[in-house]
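*Asks:* Dropping a structure here in C-alpha cells format, bear with me for questions.
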2 protein chains.
Amino acid sequence: MKITLIGSGKLGTHLYKAFATNEKIQLIQWVNRSSKKQKTKEGIPLNKQWNPNLKSDLILLAVSDQSISSISKSLPKESFVVHTSGGISIDALIQKRRGVFYPIQTFSEGRTVDFLKLPIGIEAENSQDLKNLNELVKSIDASAVEISSEQRQHLHLAAVLVNNFSNHLFFEAAKLCEENQIDFRLLLPLMLETVEKLKSLEPQEAQTGPALRRDQETIDHHLKLIKNSQLKELYSLMTSAIQKNHDQ
Amino acid sequence: MKITLIGSGKLGTHLYKAFATNEKIQLIQWVNRSSKKQKTKEGIPLNKQWNPNLKSDLILLAVSDQSISSISKSLPKESFVVHTSGGISIDALIQKRRGVFYPIQTFSEGRTVDFLKLPIGIEAENSQDLKNLNELVKSIDASAVEISSEQRQHLHLAAVLVNNFSNHLFFEAAKLCEENQIDFRLLLPLMLETVEKLKSLEPQEAQTGPALRRDQETIDHHLKLIKNSQLKELYSLMTSAIQKNHDQ
C-alpha cells in the first residue's frame, strides 16, 4: 500500500517510524514542515508542501484538528483522504473517498508507543476503503475497530477523562508528595494496579476508599490537609460523585 | 519471625496468603472472625478472638481504621503492635513498641496482588523494631520505605487521588462507552500508557489534550455531549485546573 503521510507532530512522527521500516507499506512522501532534509534516513522523500507528482493510494493527515478541513480542501477531490483525530467528524473532509484512522492512545515526545494490538478506530464511506484501512492497521500489527463519527466523539470524551484528567490527578498527587519529601514514584505500582484491575473487574466493583465507605473522618481530615482551594473543590466533587454513583 | 495477624478483610486475606507459605515467617495465629474452621489448610491456628497463649514477635493489625485503637487497647502493653493503615497515625496504638506497615497498594477480592518490590511504608518508635519491620518487608520480597505518620497522611491523600478518583473517571468513561455501544476495554492500552509514561516523564510533561492546548471548540463540544450535570461540573473543574497549573 502506497501512503502519503502529512504531519510531523507527535502522532505524525510515531506513524512515520511505524511506516518507514514496514515492508507492507510504501511511504511515498512525508510532508514535514519542520525538516530541513530532502529525504529521511530510509530514503523517503521529505517535503514541506504536498507534492502532487508522488501518487499514493491513501493520504493520511496527522495534523491538528483545526487544519484538517483546510488541508482536505487543498488536496485532489478524487484522492482517498483519511484523518487521525478523535474529536473531528469524517464530514470535515471534502473528498468522496474519505476515512478516519484514530489510534486510541496518547503520544508524547521521547516515548516509543507500541502499535502491537493497539486499538485503532476506523471509519470510511465505502467498503473497499474500509478494507484498505483494515489492511493498513493490520500491516502495523495494530487492532482495527469500526467506530462511527457519532460514536467516536463520545470515545474521545472518554479518552479525555481516563487520560488527561487522570494525569491531572497524578500531577496533584506528585505535588503533594514533593511538598512532603515523598518519592512520587512509590505510587506507581498502585497506579498500575488501578488500571490492571479493570482487565478483570468493572470500575464500579474496583472502587475502594474513604468516599465509598463513607468514612467522613478521613474525608474531613483530607480536606483539612489540602491547601489549594481548587483541589479541595475537586476532592469534594469526586467524593460526592463516587457516593452518588454507588447509591444508584 | 513469629507473626500474629489480626483481620480477615481484603488486606488481611492478602497478607495471610503472603505469610502462610513463606519460609521466613512463622504465622502463629490468624484472628479471623468470619472463618468457621480451627486451622487454615497450612495448619495455622484460626481464632475468632486473639489467643494470648500463642506468643509472637509482632502483632499485625489488618483491620478497619475505626477498630485500630480499641484493638490496640485490648492487647498487652508490652507487645510489639503494628497497624497497616495509610490514614491513621502511629499514635492510635497505645503500646510503647508500636509501628506501621502500610502497603501502598489497592486490594480487591478476586485479584492476586504481587508483593514483589511493592513499596511498603514503615514506621516504628525504636530502631530495633524498625529493623524487624524491615526484615518482615524483605521476607515477602517487598520494598521498605521509612515514612513518618506526618508524611503518611499526605501519601494516603495522594493515593486516594491516583486510585479512587482515577477509578471514578474510569467508571464515568465506561458509562459513556456503554451508552454508545463502544467496548470500554478499547481504552485499556491508553490507560496503561497514561501510567507507564510516568516512569520516564513528570505528570506535567505528560499532559496532553483539549484543556492543555486551550481547544475551546472541543471543550464546548464535550460539555454539550455530557448529560449528567455532576460530570459536566467535574469536566469544567478539571479543565480549568489543568489550564491553571500550566500557567504557573
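Residue numbers start at 1 in each chain; chains themselves are named A, B, ... in the order of the C-alpha cells; ligands are numbered from 1 in the order shown.
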Mind checking which residues fall within 12 Å of Asn53 in chain A, counting only C-alpha atoms, ignoring those fewer than 5 positions away in the same chain, and posting them as a PyMOL selection string?

*Replies:* chain A and resi 4+28-29+45+47+76

*Asks:* Quick one: pick out all alpha helix (DSSP H) residues within range 35-209 of chain A from a backbone DSSP run and write them as number ranges by chain.

*Replies:* A: 65-74, 127-139, 149-159, 166-179, 188-196, 203-206

*Asks:* I'd like the contact shell of Glu23 in chain B - 10 Å cut-off, only C-alpha atoms, skipping same-chain residues fewer than 2 positions apart - returned as a JSON list (two decimals) with C-alpha atoms, in the first residue's frame.

*Replies:*
```json
[["chain", "number", "residue", "atom", "x", "y", "z"],
["B", 1, "MET", "CA", 9.90, -14.12, 62.75],
["B", 19, "PHE", "CA", 2.76, -15.18, 55.07],
["B", 20, "ALA", "CA", 1.27, -18.68, 55.26],
["B", 21, "THR", "CA", 3.62, -20.33, 52.78],
["B", 25, "ILE", "CA", 7.75, -16.20, 58.53],
["B", 26, "GLN", "CA", 6.04, -18.25, 61.18],
["B", 27, "LEU", "CA", 2.37, -17.29, 61.26],
["B", 139, "SER", "CA", 10.78, -11.63, 53.75],
["B", 140, "ILE", "CA", 7.85, -11.08, 51.37]]
```

*Asks:* Between B:Ile182, B:Ile242, B:Leu133, B:Leu60, which is the closest to Ile3 in chain B once you count only C-alpha atoms?

*Replies:* B:Leu60

*Asks:* If you count only C-alpha atoms, which residues fall within 9 Å of Leu231 in chain B, apart from same-chain ones fewer than 4 positions away, as a ChimeraX atom specification?

*Replies:* /A:241 /B:172,226-227,235-236

*Asks:* Please identify all polymer residues within 7 Å of range 91-99 of chain A, counting only C-alpha atoms, omitting same-chain residues fewer than 2 positions from it, and present them as an MDAnalysis selection string.

*Replies:* chainID A and resid 68:69 72:73 77:83 88:89 101 123:125

*Asks:* Give the answer as one residue: which of A:Val160, A:Val100, A:Leu61, A:Ala142 has the shortest atom-to-atom distance to Thr239 in chain B, using only C-alpha atoms?

*Replies:* A:Val160

*Asks:* Could you jot down the CA of Ala174 in chain B to CA of Gln243 in chain A separation for me, Å, one decimal place?

*Replies:*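 Atom-to-atom, CA of Ala174 in chain B and CA of Gln243 in chain A are spaced 17.0 Å apart.
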
*Asks:* Quick one: residues within 10 Å of Ile122 in chain B, only C-alpha atoms counted, chain neighbours fewer than 2 positions away excluded, as a PyMOL selection string?

*Replies:* chain B and resi 82-84+99-103+119-120+124+130-131+133-134+137+143-149+152

*Asks:* Identify which of the residues A:Asn126, A:Ser108, A:Asn228, A:Gln216 lies closest to chain B, counting only C-alpha atoms when measuring atom-to-atom distances.

*Replies:* A:Ser108

*Asks:* What's the 10 Å shell around Glu179 in chain A, counting only C-alpha atoms, without same-chain residues fewer than 5 positions away, as a ChimeraX atom specification?

*Replies:* /A:173-174 /B:151,154

*Asks:* Nearest to Ser85 in chain B: which of A:Lys24, A:Thr218, A:Ser56, A:Leu190 is it, counting only C-alpha atoms?

*Replies:*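 Smallest distance to Ser85 in chain B is found for A:Thr218.
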
*Asks:* What separation in Å, quoted to one decimal, exists between CA of Arg111 in chain B and CA of Ile219 in chain A?

*Replies:*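 Between CA of Arg111 in chain B and CA of Ile219 in chain A the gap works out to 26.2 Å.
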
*Asks:* Would you return as a list in words the members of range 39-226 of chain B that DSSP assigns to strand (DSSP E) on this structure's backbone?

*Replies:*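 Filtering range 39-226 of chain B down to strand (DSSP E) leaves Leu46, Asn47, Leu58, Ile59, Leu60, Leu61, Val81, Val82, His83, Arg98, Gly99, Val100, Phe101, Tyr102, Pro103, Pro119, Ile120, Gly121, Ile122, Glu123, Ala124, Ser143, Ala144, Val145 and Glu146 of chain B.
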
*Asks:* I need the residue nearest Ser64 in chain B from this list: B:Ser8, B:Thr40, B:Ser35, B:Gln230. Use only C-alpha atoms for the distance.

*Replies:* B:Ser8

*Asks:* Please, what distance in Å, to one decimal, runs between CA of Ile90 in chain A and CA of Gln66 in chain A?

*Replies:*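 For CA of Ile90 in chain A relative to CA of Gln66 in chain A, the distance reads 13.6 Å.
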
*Asks:* Please determine, counting only C-alpha atoms, which residue among B:Gln128, B:Asp247, B:Thr13, B:Gly86 has the shortest atom-to-atom distance to chain A.

*Replies:*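 Once distances to chain A are computed over only C-alpha atoms, the minimum belongs to B:Gly86.
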